[in-house]
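work-v8.txt (compact mmCIF, C-alpha atoms) appears below.
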```
# COMPACT_ATOMS: atom_id res chain seq x y z
CA MET A 25 46.65 46.37 8.39
CA TYR A 26 45.22 43.26 6.68
CA ARG A 27 48.36 41.38 7.68
CA ARG A 28 49.23 43.05 10.99
CA ILE A 29 46.02 42.11 12.89
CA PRO A 30 46.29 38.38 11.99
CA LEU A 31 49.97 38.42 13.01
CA ILE A 32 49.07 39.96 16.39
CA VAL A 33 46.23 37.44 16.90
CA CYS A 34 48.60 34.58 16.03
CA PHE A 35 51.26 35.86 18.43
CA ILE A 36 48.85 36.40 21.35
CA PHE A 37 47.14 32.99 21.08
CA GLY A 38 50.34 31.12 20.19
CA ALA A 39 52.34 32.64 23.05
CA PHE A 40 49.48 32.06 25.50
CA MET A 41 49.08 28.39 24.52
CA LEU A 42 52.82 27.90 24.94
CA ILE A 43 53.17 29.74 28.26
CA GLN A 44 50.08 28.21 29.86
CA PHE A 45 51.70 24.76 29.54
CA PHE A 46 54.20 25.87 32.20
CA VAL A 47 51.56 27.64 34.36
CA PRO A 48 49.06 25.01 35.56
CA HIS A 49 46.84 27.57 37.34
CA ARG A 50 43.03 27.22 37.32
CA VAL A 51 42.49 30.49 35.43
CA SER A 52 45.02 29.65 32.72
CA THR A 53 43.65 26.10 32.39
CA GLU A 54 40.10 27.43 31.96
CA PHE A 55 41.24 29.94 29.36
CA TYR A 56 43.24 27.19 27.64
CA GLU A 57 40.18 24.93 27.42
CA MET A 58 38.01 27.78 26.15
CA THR A 59 40.57 28.68 23.47
CA LEU A 60 40.79 25.05 22.40
CA GLU A 61 37.00 24.95 22.05
CA TRP A 62 37.05 28.14 19.97
CA ALA A 63 39.77 26.68 17.76
CA GLN A 64 37.65 23.54 17.26
CA ILE A 65 34.64 25.67 16.24
CA ILE A 66 36.72 27.74 13.79
CA TYR A 67 38.30 24.54 12.46
CA ALA A 68 34.77 23.20 11.81
CA PHE A 69 33.95 26.36 9.86
CA ALA A 70 37.20 25.95 7.93
CA LEU A 71 36.03 22.46 6.89
CA LEU A 72 32.75 23.99 5.74
CA VAL A 73 34.73 26.55 3.70
CA GLY A 74 36.47 23.65 1.96
CA ALA A 75 33.13 22.00 1.17
CA LEU A 76 31.68 25.31 -0.07
CA MET A 77 34.71 25.93 -2.30
CA LEU A 78 34.35 22.45 -3.79
CA MET A 79 30.61 23.01 -4.34
CA LYS A 80 31.35 26.37 -5.97
CA HIS A 81 33.93 24.83 -8.31
CA HIS A 82 31.60 22.02 -9.37
CA ALA A 83 28.58 24.34 -9.63
CA VAL A 84 30.51 26.50 -12.11
CA ASN A 85 31.55 23.36 -14.00
CA ALA A 86 28.00 22.00 -14.01
CA THR A 87 26.57 25.18 -15.54
CA ARG A 88 29.23 25.28 -18.28
CA LYS A 89 27.70 23.43 -21.22
CA SER A 90 30.99 23.03 -23.08
CA SER A 91 32.67 21.21 -20.16
CA ASP A 92 33.33 17.47 -20.64
CA ASP A 93 33.30 16.96 -16.86
CA ARG A 94 29.80 18.44 -16.47
CA PRO A 95 28.05 15.13 -15.59
CA PHE A 96 30.72 14.34 -13.00
CA SER A 97 30.33 17.76 -11.38
CA ILE A 98 26.57 17.16 -11.16
CA ILE A 99 27.30 13.80 -9.47
CA VAL A 100 29.55 15.49 -6.87
CA ILE A 101 26.90 18.12 -6.06
CA ALA A 102 24.19 15.45 -5.91
CA GLY A 103 26.37 13.36 -3.55
CA ILE A 104 26.99 16.27 -1.19
CA ALA A 105 23.34 17.36 -1.28
CA THR A 106 22.04 13.81 -0.66
CA MET A 107 24.28 13.26 2.35
CA CYS A 108 23.55 16.72 3.80
CA ILE A 109 19.78 16.37 3.39
CA ALA A 110 19.78 12.80 4.73
CA GLY A 111 22.08 13.57 7.67
CA LEU A 112 20.75 16.94 8.75
CA ILE A 113 17.03 16.13 8.38
CA TRP A 114 16.77 12.45 9.41
CA GLY A 115 19.90 12.23 11.59
CA HIS A 116 22.93 9.98 11.31
CA GLY A 117 22.39 7.16 13.79
CA GLU A 118 21.88 3.43 13.15
CA GLY A 119 19.22 2.60 10.56
CA THR A 120 19.11 6.06 8.98
CA VAL A 121 19.42 6.86 5.26
CA PHE A 122 22.70 8.66 6.01
CA ASN A 123 24.09 5.56 7.69
CA TRP A 124 22.91 3.38 4.78
CA PHE A 125 24.89 5.57 2.37
CA PHE A 126 27.91 5.38 4.64
CA GLN A 127 27.75 1.59 5.01
CA ASN A 128 26.91 0.69 1.40
CA VAL A 129 28.43 3.47 -0.70
CA GLN A 130 31.20 5.33 1.13
CA ALA A 131 32.84 2.57 3.21
CA PRO A 132 33.07 -0.09 0.43
CA MET A 133 34.34 2.46 -2.10
CA GLN A 134 36.91 3.86 0.29
CA SER A 135 38.35 0.47 1.17
CA THR A 136 38.33 -0.48 -2.55
CA MET A 137 40.27 2.71 -3.34
CA PHE A 138 42.89 1.78 -0.74
CA SER A 139 43.04 -1.83 -1.94
CA LEU A 140 43.55 -0.53 -5.49
CA LEU A 141 46.86 0.81 -4.26
CA ALA A 142 48.04 -2.79 -3.76
CA PHE A 143 48.22 -3.18 -7.56
CA PHE A 144 50.04 0.12 -8.07
CA VAL A 145 52.45 -0.51 -5.21
CA ALA A 146 53.19 -3.96 -6.68
CA SER A 147 53.77 -2.59 -10.18
CA ALA A 148 55.89 0.30 -8.81
CA ALA A 149 57.94 -2.20 -6.80
CA PHE A 150 58.40 -4.40 -9.88
CA ARG A 151 59.74 -1.43 -11.83
CA GLY A 152 61.64 0.29 -9.03
CA PHE A 153 63.05 -2.59 -6.99
CA ARG A 154 66.35 -3.13 -8.68
CA ALA A 155 69.38 -4.11 -6.60
CA ARG A 156 71.48 -1.37 -8.22
CA ASN A 157 73.67 -0.66 -5.19
CA THR A 158 74.21 -1.77 -1.58
CA GLN A 159 71.63 0.66 -0.23
CA ALA A 160 68.97 -0.67 -2.61
CA ILE A 161 69.89 -4.24 -1.57
CA PHE A 162 69.28 -3.32 2.10
CA LEU A 163 65.87 -1.87 1.16
CA LEU A 164 64.99 -4.91 -0.93
CA ILE A 165 65.99 -7.44 1.73
CA ALA A 166 64.17 -5.57 4.52
CA ALA A 167 60.98 -5.30 2.42
CA THR A 168 61.10 -8.98 1.36
CA ILE A 169 61.65 -10.30 4.88
CA VAL A 170 58.91 -8.10 6.37
CA MET A 171 56.45 -9.13 3.64
CA LEU A 172 57.28 -12.84 4.05
CA GLY A 173 57.20 -12.54 7.83
CA ARG A 174 53.61 -11.23 7.75
CA VAL A 175 52.14 -14.19 5.80
CA PRO A 176 51.86 -17.91 6.68
CA ILE A 177 54.11 -18.93 3.78
CA GLY A 178 57.00 -17.13 5.49
CA GLU A 179 56.73 -19.39 8.51
CA LEU A 180 56.39 -22.43 6.21
CA ILE A 181 59.69 -21.57 4.49
CA SER A 182 61.45 -21.07 7.83
CA PRO A 183 60.15 -20.31 11.34
CA VAL A 184 63.04 -17.83 11.64
CA ILE A 185 61.58 -15.47 8.98
CA PRO A 186 58.76 -14.04 11.16
CA GLN A 187 61.22 -13.60 14.04
CA VAL A 188 63.69 -11.75 11.79
CA ALA A 189 60.82 -9.64 10.40
CA ASP A 190 59.81 -8.69 13.93
CA TRP A 191 63.42 -7.88 14.83
CA ILE A 192 63.78 -5.65 11.75
CA LEU A 193 60.56 -3.81 12.63
CA ASN A 194 61.37 -3.48 16.33
CA VAL A 195 65.08 -2.68 16.22
CA PRO A 196 66.76 -1.05 13.16
CA SER A 197 63.52 0.19 11.55
CA MET A 198 62.16 1.54 14.83
CA ALA A 199 65.52 3.21 15.61
CA ALA A 200 65.60 4.92 12.19
CA ARG A 201 62.02 6.04 12.73
CA ARG A 202 63.08 7.43 16.10
CA GLY A 203 65.81 9.46 14.42
CA ILE A 204 63.26 10.80 11.94
CA TYR A 205 60.83 11.64 14.77
CA ILE A 206 63.51 13.59 16.64
CA GLY A 207 64.27 15.50 13.41
CA ILE A 208 60.54 16.17 12.86
CA ALA A 209 60.18 17.39 16.45
CA LEU A 210 63.09 19.81 16.13
CA GLY A 211 61.77 21.07 12.76
CA SER A 212 58.21 21.47 14.08
CA ILE A 213 59.35 23.34 17.19
CA ALA A 214 61.46 25.71 15.06
CA THR A 215 58.60 26.27 12.57
CA SER A 216 56.08 26.83 15.39
CA LEU A 217 58.35 29.44 16.95
CA ARG A 218 58.73 31.15 13.57
CA VAL A 219 54.93 31.17 13.16
CA ILE A 220 54.31 32.61 16.65
CA LEU A 221 56.97 35.29 16.22
CA GLY A 222 55.58 36.26 12.80
CA ILE A 223 58.70 35.30 10.84
CA GLU A 224 56.84 32.55 8.99
CA ARG A 225 53.75 34.18 7.46
CA THR A 226 53.04 32.19 4.31
CA TYR A 227 49.68 31.12 5.76
CA LEU A 228 48.47 34.70 5.26
CA GLY A 229 48.68 34.33 1.50
CA GLY A 230 50.27 36.52 -1.15
CA SER A 231 48.59 39.92 -1.21
CA MET B 14 22.02 -11.16 -2.32
CA ASP B 15 20.19 -8.05 -1.11
CA ILE B 16 20.02 -4.71 -2.92
CA SER B 17 22.44 -2.94 -0.53
CA THR B 18 25.15 -5.57 -1.08
CA THR B 19 24.57 -5.46 -4.85
CA ILE B 20 24.99 -1.66 -4.92
CA ALA B 21 28.18 -1.89 -2.83
CA ALA B 22 29.49 -4.67 -5.14
CA ILE B 23 28.72 -2.69 -8.32
CA LEU B 24 30.50 0.36 -6.91
CA THR B 25 33.46 -1.83 -5.88
CA LEU B 26 33.72 -3.24 -9.43
CA ALA B 27 33.38 0.29 -10.85
CA ILE B 28 36.46 1.35 -8.85
CA TYR B 29 38.36 -1.77 -9.93
CA SER B 30 37.59 -0.93 -13.60
CA PHE B 31 40.44 1.60 -13.28
CA LEU B 32 42.85 -1.36 -13.44
CA TYR B 33 41.97 -1.62 -17.14
CA ARG B 34 42.32 2.14 -17.70
CA ASP B 35 40.75 5.47 -16.75
CA ASN B 36 37.14 5.20 -17.94
CA PRO B 37 33.74 6.91 -17.41
CA VAL B 38 32.50 4.14 -15.08
CA TYR B 39 35.48 4.67 -12.75
CA LYS B 40 35.13 8.46 -13.00
CA THR B 41 31.45 8.22 -12.04
CA ALA B 42 32.28 6.05 -9.01
CA GLU B 43 35.15 8.35 -8.07
CA HIS B 44 32.90 11.42 -8.13
CA ILE B 45 30.16 9.62 -6.17
CA LEU B 46 32.79 8.83 -3.52
CA LEU B 47 33.99 12.44 -3.49
CA GLY B 48 30.47 13.86 -3.12
CA VAL B 49 29.35 11.35 -0.49
CA SER B 50 32.59 11.75 1.54
CA VAL B 51 32.37 15.55 1.57
CA GLY B 52 28.68 15.37 2.50
CA TYR B 53 29.55 12.92 5.29
CA PHE B 54 32.17 15.23 6.78
CA VAL B 55 29.88 18.26 6.51
CA VAL B 56 27.11 16.46 8.44
CA ILE B 57 29.51 15.07 11.06
CA THR B 58 31.16 18.48 11.51
CA ILE B 59 27.82 20.26 11.93
CA SER B 60 26.27 17.68 14.25
CA ASN B 61 29.37 16.87 16.33
CA THR B 62 31.00 20.31 16.60
CA ILE B 63 28.92 23.27 15.45
CA ILE B 64 25.61 22.27 17.08
CA PRO B 65 26.86 20.97 20.48
CA LYS B 66 29.79 23.38 20.89
CA LEU B 67 28.36 26.58 19.42
CA ILE B 68 24.60 26.59 18.69
CA ILE B 69 23.47 24.96 21.98
CA PRO B 70 25.76 26.99 24.33
CA LEU B 71 24.95 30.24 22.51
CA PHE B 72 21.23 29.96 21.73
CA VAL B 73 19.96 27.41 24.29
CA ASP B 74 22.22 28.05 27.33
CA GLY B 75 22.60 31.77 26.55
CA GLU B 76 26.40 31.87 27.06
CA LEU B 77 27.22 35.14 25.29
CA ILE B 78 30.97 34.50 25.23
CA TYR B 79 30.27 32.12 22.32
CA ILE B 80 29.46 35.15 20.15
CA ILE B 81 33.24 35.49 19.64
CA PRO B 82 33.83 32.04 18.06
CA ALA B 83 30.56 32.49 16.13
CA LEU B 84 31.82 35.75 14.63
CA LEU B 85 35.21 34.19 13.94
CA GLY B 86 33.48 31.24 12.24
CA ILE B 87 31.44 33.60 10.07
CA ALA B 88 34.65 35.50 9.28
CA MET B 89 36.15 32.18 8.17
CA LEU B 90 33.17 31.57 5.86
CA LEU B 91 33.90 34.93 4.17
CA ARG B 92 36.87 33.19 2.53
CA VAL B 93 34.51 32.02 -0.23
CA THR B 94 33.84 35.67 -1.22
CA LYS B 95 36.31 37.67 -3.27
CA GLN B 96 35.68 41.03 -1.61
CA PHE B 97 35.95 40.03 2.05
CA SER B 98 38.22 36.99 1.92
CA HIS B 99 41.01 38.90 3.74
CA ILE B 100 38.85 38.93 6.92
CA SER B 101 39.23 35.15 7.10
CA ARG B 102 42.92 35.67 7.92
CA ILE B 103 41.98 36.56 11.53
CA PRO B 104 40.33 33.21 12.46
CA LEU B 105 42.97 31.44 10.37
CA ALA B 106 45.70 33.19 12.37
CA LEU B 107 43.97 32.13 15.59
CA ILE B 108 43.91 28.42 14.73
CA ILE B 109 47.45 28.54 13.38
CA GLY B 110 48.66 30.36 16.51
CA VAL B 111 46.84 27.92 18.80
CA GLY B 112 48.23 24.98 16.82
CA ALA B 113 51.78 26.34 16.94
CA GLY B 114 51.51 27.09 20.68
CA ILE B 115 50.26 23.58 21.44
CA ALA B 116 52.76 21.93 19.07
CA ILE B 117 55.88 23.15 20.88
CA PRO B 118 55.33 21.41 24.26
CA ALA B 119 53.56 18.47 22.58
CA TYR B 120 56.46 17.73 20.21
CA MET B 121 58.94 18.43 22.98
CA GLN B 122 57.29 15.82 25.21
CA ALA B 123 56.12 13.13 22.79
CA HIS B 124 58.69 13.25 20.00
CA LEU B 125 61.81 14.72 21.51
CA ILE B 126 62.17 13.90 25.21
CA ALA B 127 60.25 10.59 25.05
CA GLN B 128 62.22 9.37 22.03
CA MET B 129 65.56 10.42 23.52
CA LYS B 130 64.66 8.80 26.83
CA ALA B 131 63.72 5.55 25.06
CA THR B 132 67.10 5.55 23.29
CA MET B 133 69.10 5.78 26.51
CA LEU B 134 69.44 2.01 26.88
CA PRO B 135 72.01 -0.16 28.68
CA LEU B 136 74.55 -1.62 26.25
CA SER B 137 73.65 -5.12 27.44
CA ASN B 138 72.57 -6.76 24.17
CA ILE B 139 72.98 -6.47 20.40
CA SER B 140 69.52 -4.97 19.85
CA ASN B 141 70.18 -2.08 22.27
CA ILE B 142 73.57 -1.38 20.67
CA VAL B 143 71.96 -1.38 17.19
CA ILE B 144 69.23 1.01 18.38
CA ILE B 145 71.73 3.52 19.81
CA ILE B 146 74.01 3.37 16.74
CA ALA B 147 71.02 3.66 14.36
CA VAL B 148 69.43 6.67 16.11
CA LEU B 149 72.75 8.53 16.32
CA SER B 150 73.75 7.77 12.72
CA VAL B 151 70.32 8.79 11.35
CA LEU B 152 70.55 12.06 13.30
CA VAL B 153 74.04 12.64 11.91
CA TYR B 154 72.74 11.99 8.39
CA PHE B 155 70.06 14.67 8.85
CA PHE B 156 72.64 17.20 10.10
CA PHE B 157 73.38 19.19 6.97
CA SER B 158 75.23 22.11 8.59
CA ARG B 159 78.51 20.20 8.27
CA LYS B 160 79.97 18.47 5.23
CA HIS B 161 79.54 14.69 5.30
CA GLU B 162 83.20 13.63 5.18
CA GLY B 163 85.66 11.72 7.37
CA ALA B 164 84.25 10.01 10.48
CA PHE B 165 81.16 12.22 10.24
CA GLY B 166 80.58 11.07 6.65
CA VAL B 167 81.00 7.39 7.57
CA THR B 168 78.43 7.77 10.38
CA ALA B 169 76.06 9.59 7.99
CA LYS B 170 76.46 6.76 5.48
CA ALA B 171 75.57 4.21 8.17
CA GLY B 172 72.50 6.35 8.80
CA ILE B 173 71.47 5.96 5.14
CA TYR B 174 71.63 2.16 5.50
CA PHE B 175 69.40 2.26 8.56
CA LEU B 176 67.01 4.57 6.71
CA MET B 177 66.95 2.10 3.81
CA ILE B 178 66.00 -0.71 6.21
CA PHE B 179 63.28 1.56 7.60
CA PHE B 180 61.94 2.42 4.13
CA GLY B 181 62.03 -1.23 3.07
CA SER B 182 60.24 -2.51 6.16
CA THR B 183 57.67 0.31 6.00
CA PHE B 184 57.10 -0.50 2.33
CA GLY B 185 56.67 -4.20 3.12
CA TYR B 186 54.28 -3.41 5.96
CA THR B 187 52.22 -1.04 3.77
CA VAL B 188 52.02 -3.59 0.95
CA MET B 189 50.73 -6.24 3.33
CA ALA B 190 48.12 -3.81 4.73
CA ARG B 191 46.90 -3.05 1.18
CA ILE B 192 46.89 -6.74 0.27
CA SER B 193 44.74 -7.52 3.31
CA LEU B 194 42.29 -4.81 2.18
CA LEU B 195 42.26 -6.38 -1.30
CA ILE B 196 41.56 -9.80 0.22
CA GLY B 197 38.71 -8.21 2.19
CA ARG B 198 37.17 -6.77 -0.97
CA ILE B 199 37.52 -10.08 -2.86
CA GLN B 200 35.93 -11.90 0.08
CA PHE B 201 33.09 -9.38 -0.05
CA LEU B 202 32.56 -9.85 -3.80
CA LEU B 203 32.85 -13.65 -3.84
CA GLY B 204 31.36 -14.31 -0.39
CA ASP B 205 28.85 -11.66 0.66
CA TRP B 206 27.70 -10.79 -2.85
CA LEU B 207 27.96 -13.91 -5.02
CA GLY B 208 28.05 -16.49 -2.21
CA ILE B 209 30.71 -18.56 -3.99
CA ILE B 210 33.02 -18.71 -0.96
CA ARG B 211 32.19 -18.78 2.73
```

What's the structure tokens form of this structure?
Amino acid sequence: MYRRIPLIVCFIFGAFMLIQFFVPHRVSTEFYEMTLEWAQIIYAFALLVGALMLMKHHAVNATRKSSDDRPFSIIVIAGIATMCIAGLIWGHGEGTVFNWFFQNVQAPMQSTMFSLLAFFVASAAFRGFRARNTQAIFLLIAATIVMLGRVPIGELISPVIPQVADWILNVPSMAARRGIYIGIALGSIATSLRVILGIERTYLGGS
Amino acid sequence: MDISTTIAAILTLAIYSFLYRDNPVYKTAEHILLGVSVGYFVVITISNTIIPKLIIPLFVDGELIYIIPALLGIAMLLRVTKQFSHISRIPLALIIGVGAGIAIPAYMQAHLIAQMKATMLPLSNISNIVIIIAVLSVLVYFFFSRKHEGAFGVTAKAGIYFLMIFFGSTFGYTVMARISLLIGRIQFLLGDWLGIIR
């Protein structure tokens, strides 16, 4: 029973969303838009579940005196609480406390986190980029030309380098990506059909 | 050098301290980022979705049909409880069903038909010929229902070379994007914060 009802719900809504694409009638379009809105609302609640689960995990950690990560769990809870209080009480427009936290805490730290990857990517490339075989040579050459083609020094070495970099990106690389996209599309369509028909039910969990 | 810039700069340096090794300063900054990011998404979700799409239609406009998504949303929240977490499978099944139903025509249009249509090019220049050969060989490589041997194997091998070019160029592109972010952070530290560079 606990599994049958969700499977029926999934089939009804999945089949409707699929069929309505081929039936552009006013009634079906209205029902489609309403269902999309419902899905957005449930999705928002699902995000809240994620935040609640995280809070729960860190609240347990924060109350455990023996835990080494206790101060960090307190920081996480304080961060969530600060943003929620600031955003839900004083709003989140320009000049608000919430916006100040976003501009001066979240945004700089996020872009620093991403820039940190430059070091790790460089060190991984240094260790992993070995021209061991022909395939690795192709990878190495493509990466080198694209990197050189994106910076002024590439054009200084030869004006051809940026042109070759563009050609690599727009022709063989794009074509390979296209092949991958077609594969992804076929896989996604097959998986979606399996989900709608109830063959794929891992999302329901174990028990 | 105002206080906001100084705080942003200190947090930036705290993140960069990880380059030395994992340390309490980095961990503190990491957990601040986690907390603030989750709080940000909670506020944005509530104020951009739950209030305008559920609370206002239901309680201000009196549209009773919105009781259904409200109940489904509450059912979703029951996931945090041990006793009633199975009820959350119903709203979960709804969003998965809706997602799967939308995905089929969307992928069919955007990723399958559009990509195939874009590959049907006249064999008038080298680039077009390369595109057609690359797409076909990559597709052959991903076809695992037949053993990769003979002419089929040769085509699949050509597909690997095109995939290597794709991985290499994507890697190069990603590296340059990260480097430009790094340059941005250094400009912030040396320019906006310390005022050494303009």

Fill in: Proximity to Ile87 (chain B) - best of B:Arg102, B:His161, B:Arg198, B:Arg34, all atoms listed in the file
B:Arg102

Per residue of chain B within 6 Å of chain A, which atom pair is closest and at what distance in Å (one decimal), using only C-alpha atoms, listed by chain and increasing number, as JSON lines?
```
{"residue": "B:Ala21", "atom": "CA", "partner": "A:Asn128", "partner_atom": "CA", "distance": 5.1}
{"residue": "B:Thr25", "atom": "CA", "partner": "A:Met133", "partner_atom": "CA", "distance": 5.8}
{"residue": "B:His44", "atom": "CA", "partner": "A:Val100", "partner_atom": "CA", "distance": 5.4}
{"residue": "B:Ile45", "atom": "CA", "partner": "A:Gly103", "partner_atom": "CA", "distance": 5.9}
{"residue": "B:Gly48", "atom": "CA", "partner": "A:Gly103", "partner_atom": "CA", "distance": 4.2}
{"residue": "B:Val49", "atom": "CA", "partner": "A:Gly103", "partner_atom": "CA", "distance": 4.7}
{"residue": "B:Gly52", "atom": "CA", "partner": "A:Ile104", "partner_atom": "CA", "distance": 4.2}
{"residue": "B:Val56", "atom": "CA", "partner": "A:Gly111", "partner_atom": "CA", "distance": 5.9}
{"residue": "B:Thr58", "atom": "CA", "partner": "A:Ala68", "partner_atom": "CA", "distance": 5.9}
{"residue": "B:Pro82", "atom": "CA", "partner": "A:Trp62", "partner_atom": "CA", "distance": 5.4}
{"residue": "B:Gly86", "atom": "CA", "partner": "A:Ile66", "partner_atom": "CA", "distance": 5.0}
{"residue": "B:Leu90", "atom": "CA", "partner": "A:Val73", "partner_atom": "CA", "distance": 5.7}
{"residue": "B:Arg102", "atom": "CA", "partner": "A:Pro30", "partner_atom": "CA", "distance": 5.9}
{"residue": "B:Ile103", "atom": "CA", "partner": "A:Pro30", "partner_atom": "CA", "distance": 4.7}
{"residue": "B:Ala106", "atom": "CA", "partner": "A:Cys34", "partner_atom": "CA", "distance": 4.9}
{"residue": "B:Leu107", "atom": "CA", "partner": "A:Cys34", "partner_atom": "CA", "distance": 5.3}
{"residue": "B:Ile108", "atom": "CA", "partner": "A:Ala63", "partner_atom": "CA", "distance": 5.4}
{"residue": "B:Gly110", "atom": "CA", "partner": "A:Gly38", "partner_atom": "CA", "distance": 4.1}
{"residue": "B:Val111", "atom": "CA", "partner": "A:Gly38", "partner_atom": "CA", "distance": 4.9}
{"residue": "B:Ala113", "atom": "CA", "partner": "A:Ser216", "partner_atom": "CA", "distance": 4.6}
{"residue": "B:Gly114", "atom": "CA", "partner": "A:Gly38", "partner_atom": "CA", "distance": 4.2}
{"residue": "B:Ile115", "atom": "CA", "partner": "A:Met41", "partner_atom": "CA", "distance": 5.8}
{"residue": "B:Ile117", "atom": "CA", "partner": "A:Ile213", "partner_atom": "CA", "distance": 5.1}
{"residue": "B:Tyr120", "atom": "CA", "partner": "A:Ala209", "partner_atom": "CA", "distance": 5.3}
{"residue": "B:His124", "atom": "CA", "partner": "A:Ala209", "partner_atom": "CA", "distance": 5.7}
{"residue": "B:Leu125", "atom": "CA", "partner": "A:Ile206", "partner_atom": "CA", "distance": 5.3}
{"residue": "B:Ile144", "atom": "CA", "partner": "A:Ala199", "partner_atom": "CA", "distance": 5.1}
{"residue": "B:Ala147", "atom": "CA", "partner": "A:Ala199", "partner_atom": "CA", "distance": 5.7}
{"residue": "B:Val148", "atom": "CA", "partner": "A:Gly203", "partner_atom": "CA", "distance": 4.9}
{"residue": "B:Val151", "atom": "CA", "partner": "A:Gly203", "partner_atom": "CA", "distance": 5.5}
{"residue": "B:Leu152", "atom": "CA", "partner": "A:Gly203", "partner_atom": "CA", "distance": 5.5}
{"residue": "B:Tyr174", "atom": "CA", "partner": "A:Gln159", "partner_atom": "CA", "distance": 5.9}
{"residue": "B:Phe175", "atom": "CA", "partner": "A:Ala200", "partner_atom": "CA", "distance": 5.9}
{"residue": "B:Leu176", "atom": "CA", "partner": "A:Ala200", "partner_atom": "CA", "distance": 5.7}
{"residue": "B:Met177", "atom": "CA", "partner": "A:Leu163", "partner_atom": "CA", "distance": 4.9}
{"residue": "B:Ile178", "atom": "CA", "partner": "A:Leu163", "partner_atom": "CA", "distance": 5.2}
{"residue": "B:Phe179", "atom": "CA", "partner": "A:Ser197", "partner_atom": "CA", "distance": 4.2}
{"residue": "B:Gly181", "atom": "CA", "partner": "A:Ala167", "partner_atom": "CA", "distance": 4.3}
{"residue": "B:Ser182", "atom": "CA", "partner": "A:Ala167", "partner_atom": "CA", "distance": 4.7}
{"residue": "B:Gly185", "atom": "CA", "partner": "A:Ala167", "partner_atom": "CA", "distance": 4.5}
{"residue": "B:Arg191", "atom": "CA", "partner": "A:Ala142", "partner_atom": "CA", "distance": 5.1}
{"residue": "B:Ile192", "atom": "CA", "partner": "A:Ala142", "partner_atom": "CA", "distance": 5.8}
{"residue": "B:Leu194", "atom": "CA", "partner": "A:Ser139", "partner_atom": "CA", "distance": 5.1}
{"residue": "B:Leu195", "atom": "CA", "partner": "A:Ser139", "partner_atom": "CA", "distance": 4.7}
```

Worksheet entry | Point-to-point distance in Å for CA of Ile199 (chain B) and CA of Tyr29 (chain B) |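 Going from CA of Tyr29 (chain B) over to CA of Ile199 (chain B), I get 10.9 Å.
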
Worksheet item: What does the distance between CA of Ser91 (chain A) and CA of Leu47 (chain B) come to in Å, to one decimal place?
Response: 18.9 Å

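The spacing separating CA of Thr41 (chain B) from CA of Phe54 (chain B) amounts to 20.1 Å.
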
The centre and edge lengths of an axis-aligned box containing all atoms of region 107-124 of chain B present in the file, extended by 4 Å on each side, are to be given in Å to one decimal, as AutoDock Vina command-line options.
```
--center_x 51.4 --center_y 22.6 --center_z 19.3 --size_x 23.0 --size_y 27.0 --size_z 19.8
```
